[in-house]
>>> print(open('entry00.cif').read())   # mmCIF, C-alpha atoms
data_query
loop_
_atom_site.label_atom_id
_atom_site.label_comp_id
_atom_site.auth_asym_id
_atom_site.auth_seq_id
_atom_site.Cartn_x
_atom_site.Cartn_y
_atom_site.Cartn_z
CA MET X 1206 -34.26 -54.88 3.96
CA ASN X 1207 -37.84 -53.66 3.47
CA GLN X 1208 -39.15 -51.89 0.39
CA GLY X 1209 -38.76 -48.36 1.86
CA GLU X 1210 -35.10 -48.89 2.76
CA SER X 1211 -34.38 -50.36 -0.67
CA ARG X 1212 -35.98 -47.37 -2.40
CA PHE X 1213 -33.99 -44.96 -0.21
CA SER X 1214 -30.77 -46.84 -1.00
CA GLN X 1215 -31.45 -46.64 -4.74
CA GLN X 1216 -32.13 -42.91 -4.51
CA ALA X 1217 -28.89 -42.39 -2.58
CA VAL X 1218 -26.94 -44.29 -5.26
CA ARG X 1219 -28.55 -42.19 -8.01
CA ALA X 1220 -27.78 -38.98 -6.15
CA LYS X 1221 -24.16 -40.02 -5.65
CA SER X 1222 -23.85 -40.94 -9.34
CA LEU X 1223 -25.35 -37.59 -10.34
CA VAL X 1224 -22.86 -35.72 -8.16
CA GLU X 1225 -19.97 -37.65 -9.67
CA VAL X 1226 -21.19 -36.91 -13.21
CA ASN X 1227 -21.53 -33.20 -12.37
CA GLN X 1228 -18.00 -33.16 -10.96
CA VAL X 1229 -16.63 -34.79 -14.11
CA LEU X 1230 -18.48 -32.31 -16.33
CA LEU X 1231 -17.22 -29.41 -14.21
CA LEU X 1232 -13.63 -30.65 -14.49
CA ILE X 1233 -14.01 -30.97 -18.27
CA VAL X 1234 -15.35 -27.42 -18.57
CA LEU X 1235 -12.60 -26.03 -16.33
CA ALA X 1236 -9.91 -27.91 -18.25
CA ALA X 1237 -11.28 -26.63 -21.56
CA GLY X 1238 -11.33 -23.08 -20.19
CA ALA X 1239 -7.75 -23.42 -18.94
CA VAL X 1240 -6.58 -24.66 -22.34
CA LEU X 1241 -8.44 -21.83 -24.08
CA PHE X 1242 -6.79 -19.21 -21.91
CA MET X 1243 -3.36 -20.81 -22.34
CA VAL X 1244 -3.49 -20.70 -26.15
CA PRO X 1245 -2.40 -17.02 -26.47
CA LEU X 1246 0.43 -17.60 -23.99
CA TYR X 1247 1.61 -20.65 -25.96
CA LEU X 1248 1.59 -18.70 -29.24
CA MET X 1249 3.49 -15.82 -27.68
CA VAL X 1250 6.20 -18.06 -26.22
CA ALA X 1251 6.47 -20.27 -29.34
CA ILE X 1252 6.89 -17.32 -31.70
CA SER X 1253 9.40 -15.66 -29.37
CA PHE X 1254 11.77 -18.63 -29.77
CA LYS X 1255 11.63 -18.68 -33.57
CA THR X 1256 14.02 -17.04 -35.98
CA GLU X 1257 12.53 -14.61 -38.46
CA THR X 1258 13.07 -17.14 -41.26
CA GLU X 1259 11.38 -19.98 -39.40
CA TYR X 1260 8.46 -17.76 -38.42
CA ALA X 1261 7.90 -16.82 -42.06
CA ALA X 1262 8.17 -20.44 -43.25
CA THR X 1263 6.11 -22.27 -40.62
CA SER X 1264 2.73 -21.95 -38.92
CA PRO X 1265 2.65 -19.90 -35.69
CA TRP X 1266 1.07 -22.93 -33.97
CA ILE X 1267 4.12 -25.12 -34.52
CA TRP X 1268 6.75 -25.17 -31.76
CA PRO X 1269 10.13 -24.06 -33.16
CA ALA X 1270 12.34 -26.87 -34.40
CA HIS X 1271 15.44 -25.11 -33.10
CA PRO X 1272 14.45 -22.74 -30.27
CA THR X 1273 16.73 -19.73 -29.88
CA ILE X 1274 17.09 -17.02 -27.24
CA GLN X 1275 18.62 -14.59 -29.72
CA ASN X 1276 15.31 -12.70 -29.93
CA TYR X 1277 15.50 -11.95 -26.20
CA VAL X 1278 19.13 -10.86 -26.51
CA THR X 1279 18.19 -8.57 -29.40
CA VAL X 1280 15.32 -7.02 -27.47
CA LEU X 1281 17.40 -6.45 -24.33
CA THR X 1282 20.22 -4.84 -26.33
CA ASP X 1283 18.05 -2.92 -28.80
CA PRO X 1284 19.37 0.67 -29.14
CA HIS X 1285 15.85 2.01 -29.74
CA VAL X 1286 14.49 0.70 -26.43
CA ASN X 1287 16.31 0.49 -23.09
CA PHE X 1288 14.45 -2.47 -21.60
CA ALA X 1289 16.63 -2.61 -18.47
CA ARG X 1290 15.90 1.03 -17.59
CA ALA X 1291 12.22 0.55 -18.48
CA ALA X 1292 12.05 -2.40 -16.07
CA VAL X 1293 13.47 -0.26 -13.25
CA ASN X 1294 10.96 2.51 -14.02
CA THR X 1295 8.12 -0.01 -14.06
CA PHE X 1296 9.02 -1.37 -10.65
CA ILE X 1297 9.21 2.19 -9.30
CA ILE X 1298 5.65 2.97 -10.39
CA ALA X 1299 4.39 -0.49 -9.37
CA VAL X 1300 6.14 -1.47 -6.12
CA ILE X 1301 6.25 1.83 -4.21
CA PRO X 1302 2.60 2.71 -4.98
CA THR X 1303 1.61 -0.83 -3.97
CA ILE X 1304 3.16 -0.28 -0.53
CA GLY X 1305 1.33 3.04 -0.17
CA THR X 1306 -1.95 1.56 -1.39
CA VAL X 1307 -1.86 -1.35 1.05
CA LEU X 1308 -0.91 0.82 4.01
CA THR X 1309 -3.31 3.73 3.52
CA SER X 1310 -6.28 1.68 2.33
CA ALA X 1311 -5.95 -0.46 5.47
CA MET X 1312 -5.90 2.68 7.64
CA VAL X 1313 -9.02 4.13 6.03
CA ALA X 1314 -10.80 0.77 6.09
CA PHE X 1315 -10.00 0.41 9.79
CA ALA X 1316 -11.67 3.74 10.48
CA PHE X 1317 -14.80 2.75 8.54
CA ALA X 1318 -14.96 -0.76 10.04
CA ARG X 1319 -13.95 -0.22 13.68
CA LEU X 1320 -14.25 3.43 14.69
CA GLN X 1321 -17.46 5.25 15.52
CA PHE X 1322 -17.67 8.85 14.34
CA ARG X 1323 -20.36 11.18 13.07
CA GLY X 1324 -21.22 10.78 9.39
CA ARG X 1325 -19.23 7.59 8.98
CA ASP X 1326 -21.82 5.74 6.90
CA ARG X 1327 -22.54 8.78 4.72
CA LEU X 1328 -18.85 9.23 4.01
CA PHE X 1329 -18.59 5.59 3.08
CA VAL X 1330 -21.47 5.94 0.62
CA VAL X 1331 -19.73 8.95 -0.94
CA LEU X 1332 -16.53 6.92 -1.17
CA LEU X 1333 -18.32 4.06 -2.93
CA SER X 1334 -19.99 6.49 -5.34
CA THR X 1335 -16.55 7.48 -6.68
CA MET X 1336 -16.22 3.94 -8.04
CA MET X 1337 -18.95 4.80 -10.57
CA LEU X 1338 -16.72 7.35 -12.31
CA PRO X 1339 -15.13 5.90 -15.46
CA ALA X 1340 -11.34 6.18 -15.55
CA ALA X 1341 -11.53 8.16 -18.81
CA VAL X 1342 -13.44 10.95 -17.03
CA THR X 1343 -10.55 11.59 -14.62
CA LEU X 1344 -7.73 11.66 -17.20
CA ILE X 1345 -7.87 15.36 -18.07
CA PRO X 1346 -8.46 16.59 -14.48
CA SER X 1347 -5.58 14.41 -13.29
CA TYR X 1348 -3.28 15.80 -15.96
CA VAL X 1349 -4.24 19.41 -15.20
CA LEU X 1350 -3.73 18.90 -11.45
CA ASN X 1351 -0.33 17.26 -11.90
CA ALA X 1352 0.71 19.97 -14.36
CA LYS X 1353 -0.15 22.71 -11.85
CA LEU X 1354 1.84 20.86 -9.18
CA GLY X 1355 4.82 20.55 -11.53
CA TRP X 1356 4.74 16.75 -11.44
CA ILE X 1357 4.67 16.10 -15.19
CA ASP X 1358 7.57 13.87 -16.27
CA THR X 1359 8.08 12.66 -12.68
CA PHE X 1360 6.94 9.60 -10.72
CA TYR X 1361 5.13 11.70 -8.08
CA PRO X 1362 1.62 11.22 -9.59
CA TRP X 1363 1.85 7.49 -8.80
CA ILE X 1364 3.81 7.60 -5.54
CA VAL X 1365 2.05 10.48 -3.77
CA GLY X 1366 -1.43 9.46 -4.89
CA ALA X 1367 -0.97 5.94 -3.54
CA PHE X 1368 -0.23 7.29 -0.04
CA LEU X 1369 -3.45 9.35 0.05
CA GLY X 1370 -6.09 6.69 0.62
CA GLY X 1371 -5.33 3.74 -1.62
CA GLY X 1372 -8.46 3.82 -3.77
CA ALA X 1373 -12.16 3.26 -3.10
CA PHE X 1374 -12.26 -0.36 -4.24
CA ASN X 1375 -9.30 -1.35 -2.06
CA ILE X 1376 -10.81 0.42 0.96
CA PHE X 1377 -14.10 -1.37 0.37
CA LEU X 1378 -12.39 -4.75 0.08
CA VAL X 1379 -10.38 -4.34 3.29
CA ARG X 1380 -13.37 -2.94 5.20
CA GLN X 1381 -15.50 -5.94 4.27
CA PHE X 1382 -12.75 -8.25 5.50
CA MET X 1383 -12.34 -6.33 8.77
CA LEU X 1384 -16.06 -6.52 9.44
CA GLY X 1385 -15.66 -10.30 9.55
CA VAL X 1386 -12.96 -10.14 12.23
CA SER X 1387 -14.30 -10.59 15.76
CA THR X 1388 -14.68 -7.36 17.74
CA GLU X 1389 -13.90 -9.20 21.00
CA MET X 1390 -10.19 -8.73 20.34
CA ASP X 1391 -10.66 -4.97 20.12
CA GLU X 1392 -12.63 -4.87 23.35
CA ALA X 1393 -10.09 -7.00 25.21
CA ALA X 1394 -7.23 -4.84 23.92
CA ARG X 1395 -8.96 -1.63 24.97
CA LEU X 1396 -9.52 -3.05 28.46
CA ASP X 1397 -5.75 -3.58 28.60
CA GLY X 1398 -5.20 0.06 27.66
CA ALA X 1399 -4.39 -0.39 23.94
CA SER X 1400 -4.93 2.61 21.68
CA ASN X 1401 -6.53 2.53 18.23
CA ALA X 1402 -3.08 2.63 16.67
CA THR X 1403 -1.98 -0.41 18.68
CA ILE X 1404 -5.13 -2.31 17.76
CA PHE X 1405 -4.59 -1.47 14.09
CA TRP X 1406 -0.91 -2.41 13.91
CA ARG X 1407 -0.81 -5.39 16.27
CA LEU X 1408 -4.27 -6.93 15.90
CA MET X 1409 -5.98 -5.97 12.65
CA LEU X 1410 -3.09 -5.98 10.18
CA PRO X 1411 -1.85 -9.48 11.13
CA ASN X 1412 -5.40 -10.81 10.71
CA CYS X 1413 -5.88 -9.12 7.33
CA GLY X 1414 -3.04 -10.87 5.52
CA PRO X 1415 -5.18 -12.51 2.78
CA VAL X 1416 -7.02 -9.36 1.75
CA LEU X 1417 -3.86 -7.24 1.91
CA ALA X 1418 -2.17 -9.76 -0.39
CA THR X 1419 -5.16 -9.49 -2.71
CA ILE X 1420 -5.00 -5.71 -3.05
CA SER X 1421 -1.21 -5.97 -3.36
CA VAL X 1422 -1.69 -8.14 -6.46
CA PHE X 1423 -4.35 -5.79 -7.86
CA SER X 1424 -2.22 -2.70 -7.24
CA PHE X 1425 1.01 -4.21 -8.57
CA ILE X 1426 -0.63 -5.47 -11.76
CA GLY X 1427 -2.42 -2.15 -12.25
CA GLY X 1428 0.81 -0.18 -11.93
CA PHE X 1429 2.82 -2.68 -13.98
CA ARG X 1430 0.36 -2.67 -16.90
CA ASP X 1431 -0.50 1.03 -16.79
CA PHE X 1432 -0.16 2.47 -20.30
CA MET X 1433 -2.31 5.57 -20.51
CA GLY X 1434 -0.96 7.19 -17.34
CA PRO X 1435 2.74 7.06 -18.32
CA LEU X 1436 1.83 8.02 -21.89
CA MET X 1437 0.28 11.25 -20.58
CA MET X 1438 2.57 12.06 -17.66
CA LEU X 1439 6.05 10.94 -18.77
CA ASN X 1440 7.82 12.67 -21.63
CA SER X 1441 11.46 11.58 -21.21
CA PRO X 1442 12.37 8.27 -22.89
CA GLU X 1443 14.61 7.33 -19.94
CA LYS X 1444 11.58 7.45 -17.60
CA GLN X 1445 9.23 5.30 -19.66
CA PRO X 1446 8.03 1.93 -18.21
CA LEU X 1447 7.88 -1.43 -19.97
CA GLU X 1448 4.47 -0.84 -21.54
CA LEU X 1449 5.75 2.22 -23.41
CA ALA X 1450 9.04 0.46 -24.16
CA LEU X 1451 7.06 -2.37 -25.75
CA ARG X 1452 5.20 0.19 -27.85
CA GLY X 1453 8.53 1.68 -28.91
CA LEU X 1454 9.76 -1.79 -29.83
CA GLN X 1455 6.68 -2.23 -32.00
CA GLY X 1456 7.47 1.03 -33.78
CA ALA X 1457 11.06 -0.04 -34.45
CA HIS X 1458 10.26 -3.64 -35.48
CA SER X 1459 6.67 -3.48 -36.67
CA THR X 1460 6.86 -6.63 -38.85
CA GLN X 1461 9.34 -8.71 -36.83
CA TYR X 1462 6.79 -10.55 -34.75
CA ASN X 1463 9.35 -12.87 -33.19
CA LEU X 1464 11.03 -9.85 -31.57
CA LEU X 1465 7.70 -8.35 -30.54
CA MET X 1466 6.65 -11.61 -28.90
CA ALA X 1467 9.97 -11.80 -27.05
CA GLY X 1468 9.35 -8.31 -25.69
CA ALA X 1469 5.80 -9.31 -24.72
CA VAL X 1470 7.10 -12.36 -22.84
CA LEU X 1471 9.62 -10.20 -20.95
CA THR X 1472 6.80 -7.81 -20.04
CA THR X 1473 4.36 -10.53 -18.97
CA PHE X 1474 6.73 -12.87 -17.10
CA PRO X 1475 6.96 -10.80 -13.84
CA LEU X 1476 3.16 -10.73 -13.60
CA ILE X 1477 2.93 -14.51 -13.94
CA ILE X 1478 5.52 -14.97 -11.20
CA MET X 1479 3.69 -12.46 -8.99
CA PHE X 1480 0.38 -14.27 -9.40
CA LEU X 1481 1.84 -17.73 -8.82
CA LEU X 1482 3.51 -16.61 -5.60
CA CYS X 1483 0.39 -14.90 -4.25
CA GLN X 1484 -2.33 -17.11 -5.75
CA ARG X 1485 -3.28 -18.81 -2.47
CA TYR X 1486 -3.66 -15.51 -0.61
CA PHE X 1487 -5.36 -13.88 -3.58
CA VAL X 1488 -8.09 -16.52 -3.83
CA ARG X 1489 -8.60 -16.62 -0.07
CA GLY X 1490 -8.82 -12.84 0.17
CA ILE X 1491 -11.48 -12.68 -2.52
CA SER X 1492 -13.52 -15.55 -1.03
CA LEU X 1493 -13.53 -14.05 2.48
CA THR X 1494 -14.69 -10.55 1.49
CA GLY X 1495 -17.66 -8.99 -0.23
CA GLY X 1496 -15.69 -8.93 -3.48
CA LYS X 1497 -17.09 -12.27 -4.55
#
>>> encode(input="entry00.cif", output="structure tokens")
Amino acid sequence: MNQGESRFSQQAVRAKSLVEVNQVLLLIVLAAGAVLFMVPLYLMVAISFKTETEYAATSPWIWPAHPTIQNYVTVLTDPHVNFARAAVNTFIIAVIPTIGTVLTSAMVAFAFARLQFRGRDRLFVVLLSTMMLPAAVTLIPSYVLNAKLGWIDTFYPWIVGAFLGGGAFNIFLVRQFMLGVSTEMDEAARLDGASNATIFWRLMLPNCGPVLATISVFSFIGGFRDFMGPLMMLNSPEKQPLELALRGLQGAHSTQYNLLMAGAVLTTFPLIIMFLLCQRYFVRGISLTGGK
């Protein structure tokens, strides 16, 4: 081996070693970040399994010596808060709007990505400009509009609104994904006599599974964790979702943190399950669109 080949070999070994060190450092940082984000979840679960006496006598960081599910039973049977009814209400304002959001945002995105019509790009710019409006700015106009329609204390503000476009961000996300799908399928389908509706339902939607799963997760979590909307629109206690039920639980048991943490776990658990089931599609949908 001559001197040049030896020097090249040494440089390759150094480069490989540097890559391995960077990978180890990256894994350490990611592991530390994961532990940091898991700390609040651990505290919430640990406290939820403690009795009131044990919580007062021990540190919150210590796992309960004798875990009990009585806190969960107390929360679910609390006369001040109907958690079962609140769960049903939450799924109404989370699941049905999610279906509407996915369907209508895909339709609008298909028009912006695949159809040619006058003013298309200008309309898309106007659509994107609505994303600059803070949510707080639209609270009062939304309330006034729903009051004039007679929709206060009903679920219509969530259900009907979701079937009228799906939101600017969701439309943008699906459009970016559709732009990456080959147009040769559209052209071949049109040569076979397929209409735009056929192309949308039978070609585009099956190919947009990852991004549709992504906006499904976004929409479901947004509806599930919505607090301000139900606080403004819903007056009847029997129509309140879990977020308001949790606030009512806090009012009834303001110092019993073991009960409050049990209620928080019951409220958070469906979201964790949702994310775990859709994580693969969620990550892929983000990585394949302009959202990254």
>>> resolve_selection(input="entry00.cif", expression="the PyMOL selection byres ((chain X and resi 1333) around 12)", output="mmCIF file with C-alpha atoms, in the coordinates of the input")
data_model
loop_
_atom_site.group_PDB
_atom_site.id
_atom_site.type_symbol
_atom_site.label_atom_id
_atom_site.label_comp_id
_atom_site.auth_asym_id
_atom_site.auth_seq_id
_atom_site.Cartn_x
_atom_site.Cartn_y
_atom_site.Cartn_z
ATOM 1 C CA ASP X 1326 -21.820 5.740 6.900
ATOM 2 C CA ARG X 1327 -22.540 8.780 4.720
ATOM 3 C CA LEU X 1328 -18.850 9.230 4.010
ATOM 4 C CA PHE X 1329 -18.590 5.590 3.080
ATOM 5 C CA VAL X 1330 -21.470 5.940 0.620
ATOM 6 C CA VAL X 1331 -19.730 8.950 -0.940
ATOM 7 C CA LEU X 1332 -16.530 6.920 -1.170
ATOM 8 C CA SER X 1334 -19.990 6.490 -5.340
ATOM 9 C CA THR X 1335 -16.550 7.480 -6.680
ATOM 10 C CA MET X 1336 -16.220 3.940 -8.040
ATOM 11 C CA MET X 1337 -18.950 4.800 -10.570
ATOM 12 C CA LEU X 1338 -16.720 7.350 -12.310
ATOM 13 C CA GLY X 1372 -8.460 3.820 -3.770
ATOM 14 C CA ALA X 1373 -12.160 3.260 -3.100
ATOM 15 C CA PHE X 1374 -12.260 -0.360 -4.240
ATOM 16 C CA ASN X 1375 -9.300 -1.350 -2.060
ATOM 17 C CA ILE X 1376 -10.810 0.420 0.960
ATOM 18 C CA PHE X 1377 -14.100 -1.370 0.370
ATOM 19 C CA LEU X 1378 -12.390 -4.750 0.080
ATOM 20 C CA ARG X 1380 -13.370 -2.940 5.200
#
>>> resolve_selection(input="entry00.cif", expression="the PyMOL selection byres ((chain X and resi 1280) around 10)", output="PDB file with C-alpha atoms, in the frame of the given file")
ATOM      1  CA  GLN X1275      18.620 -14.590 -29.720  1.00  0.00           C
ATOM      2  CA  ASN X1276      15.310 -12.700 -29.930  1.00  0.00           C
ATOM      3  CA  TYR X1277      15.500 -11.950 -26.200  1.00  0.00           C
ATOM      4  CA  VAL X1278      19.130 -10.860 -26.510  1.00  0.00           C
ATOM      5  CA  THR X1279      18.190  -8.570 -29.400  1.00  0.00           C
ATOM      6  CA  LEU X1281      17.400  -6.450 -24.330  1.00  0.00           C
ATOM      7  CA  THR X1282      20.220  -4.840 -26.330  1.00  0.00           C
ATOM      8  CA  ASP X1283      18.050  -2.920 -28.800  1.00  0.00           C
ATOM      9  CA  PRO X1284      19.370   0.670 -29.140  1.00  0.00           C
ATOM     10  CA  HIS X1285      15.850   2.010 -29.740  1.00  0.00           C
ATOM     11  CA  VAL X1286      14.490   0.700 -26.430  1.00  0.00           C
ATOM     12  CA  ASN X1287      16.310   0.490 -23.090  1.00  0.00           C
ATOM     13  CA  PHE X1288      14.450  -2.470 -21.600  1.00  0.00           C
ATOM     14  CA  LEU X1451       7.060  -2.370 -25.750  1.00  0.00           C
ATOM     15  CA  LEU X1454       9.760  -1.790 -29.830  1.00  0.00           C
ATOM     16  CA  LEU X1464      11.030  -9.850 -31.570  1.00  0.00           C
ATOM     17  CA  LEU X1465       7.700  -8.350 -30.540  1.00  0.00           C
ATOM     18  CA  MET X1466       6.650 -11.610 -28.900  1.00  0.00           C
ATOM     19  CA  ALA X1467       9.970 -11.800 -27.050  1.00  0.00           C
ATOM     20  CA  GLY X1468       9.350  -8.310 -25.690  1.00  0.00           C
ATOM     21  CA  LEU X1471       9.620 -10.200 -20.950  1.00  0.00           C
TER      22      LEU X1471
END
>>> resolve_selection(input="entry00.cif", expression="the PyMOL selection byres ((chain X and resi 1472) around 9)", output="PyMOL selection string")
chain X and resi 1292+1429-1430+1447-1448+1451+1467-1471+1473-1476
>>> residues_around(input="entry00.cif", residues="Asp1358 of chain X", least_positions_apart="6", cutoff="6 Å", atoms="all atoms listed in the file", output="VMD selection string")
chain X and resid 1438 to 1440
>>> residues_around(input="entry00.cif", residues="Thr1309 of chain X", least_positions_apart="6", cutoff="6 Å", atoms="only C-alpha atoms", output="CSV table (one decimal) with C-alpha atoms, keeping the file's coordinate frame")
chain,number,residue,atom,x,y,z
X,1368,PHE,CA,-0.2,7.3,0.0
X,1370,GLY,CA,-6.1,6.7,0.6
X,1371,GLY,CA,-5.3,3.7,-1.6
>>> residues_near_point(input="entry00.cif", point="(-3.0, 13.8, -11.0)", cutoff="12 Å", atoms="all atoms listed in the file", output="VMD selection string")
chain X and resid 1343 to 1367 1369 1434 to 1435 1437 to 1438
>>> closest_residue(input="entry00.cif", among="X:Ser1441, X:Ser1421, X:Gln1484, X:Thr1460", to="Pro1302 of chain X", atoms="all atoms listed in the file")
X:Ser1421
>>> atom_distance(input="entry00.cif", atom1="atom CA of Val1422 of chain X", atom2="atom CA of Ile1477 of chain X")
10.9 Å
>>> atom_distance(input="entry00.cif", atom1="atom CA of Leu1308 of chain X", atom2="atom CA of Gly1428 of chain X")
16.1 Å
>>> atom_distance(input="entry00.cif", atom1="atom CA of His1271 of chain X", atom2="atom CA of Glu1257 of chain X")
12.1 Å
>>> closest_residue(input="entry00.cif", among="X:Arg1323, X:His1458, X:Lys1444, X:Arg1395", to="Arg1290 of chain X", atoms="all atoms listed in the file")
X:Lys1444
>>> closest_residue(input="entry00.cif", among="X:Ala1311, X:Leu1246, X:Ala1299, X:Ile1420", to="Cys1483 of chain X", atoms="all atoms listed in the file")
X:Ile1420
>>> axis_aligned_box(input="entry00.cif", around="segment 1337-1353 of chain X", padding_each_side="4 Å", output="lines of an AutoDock Vina configuration file")
center_x = -9.1
center_y = 13.8
center_z = -14.7
size_x = 27.7
size_y = 25.9
size_z = 16.2
>>> closest_residue(input="entry00.cif", among="X:Gln1228, X:Thr1303, X:Gln1461, X:Ser1400", to="Thr1256 of chain X", atoms="only C-alpha atoms")
X:Gln1461
>>> residues_near_point(input="entry00.cif", point="(-0.4, -4.8, 1.0)", cutoff="6 Å", atoms="all atoms listed in the file", output="PyMOL selection string")
chain X and resi 1304+1307+1417-1418+1421
>>> closest_residue(input="entry00.cif", among="X:Phe1322, X:Trp1266, X:Phe1296, X:Phe1382", to="Met1409 of chain X", atoms="only C-alpha atoms")
X:Phe1382
>>> closest_residue(input="entry00.cif", among="X:Val1300, X:Ala1291, X:Ala1341, X:Pro1265", to="Arg1452 of chain X", atoms="only C-alpha atoms")
X:Ala1291
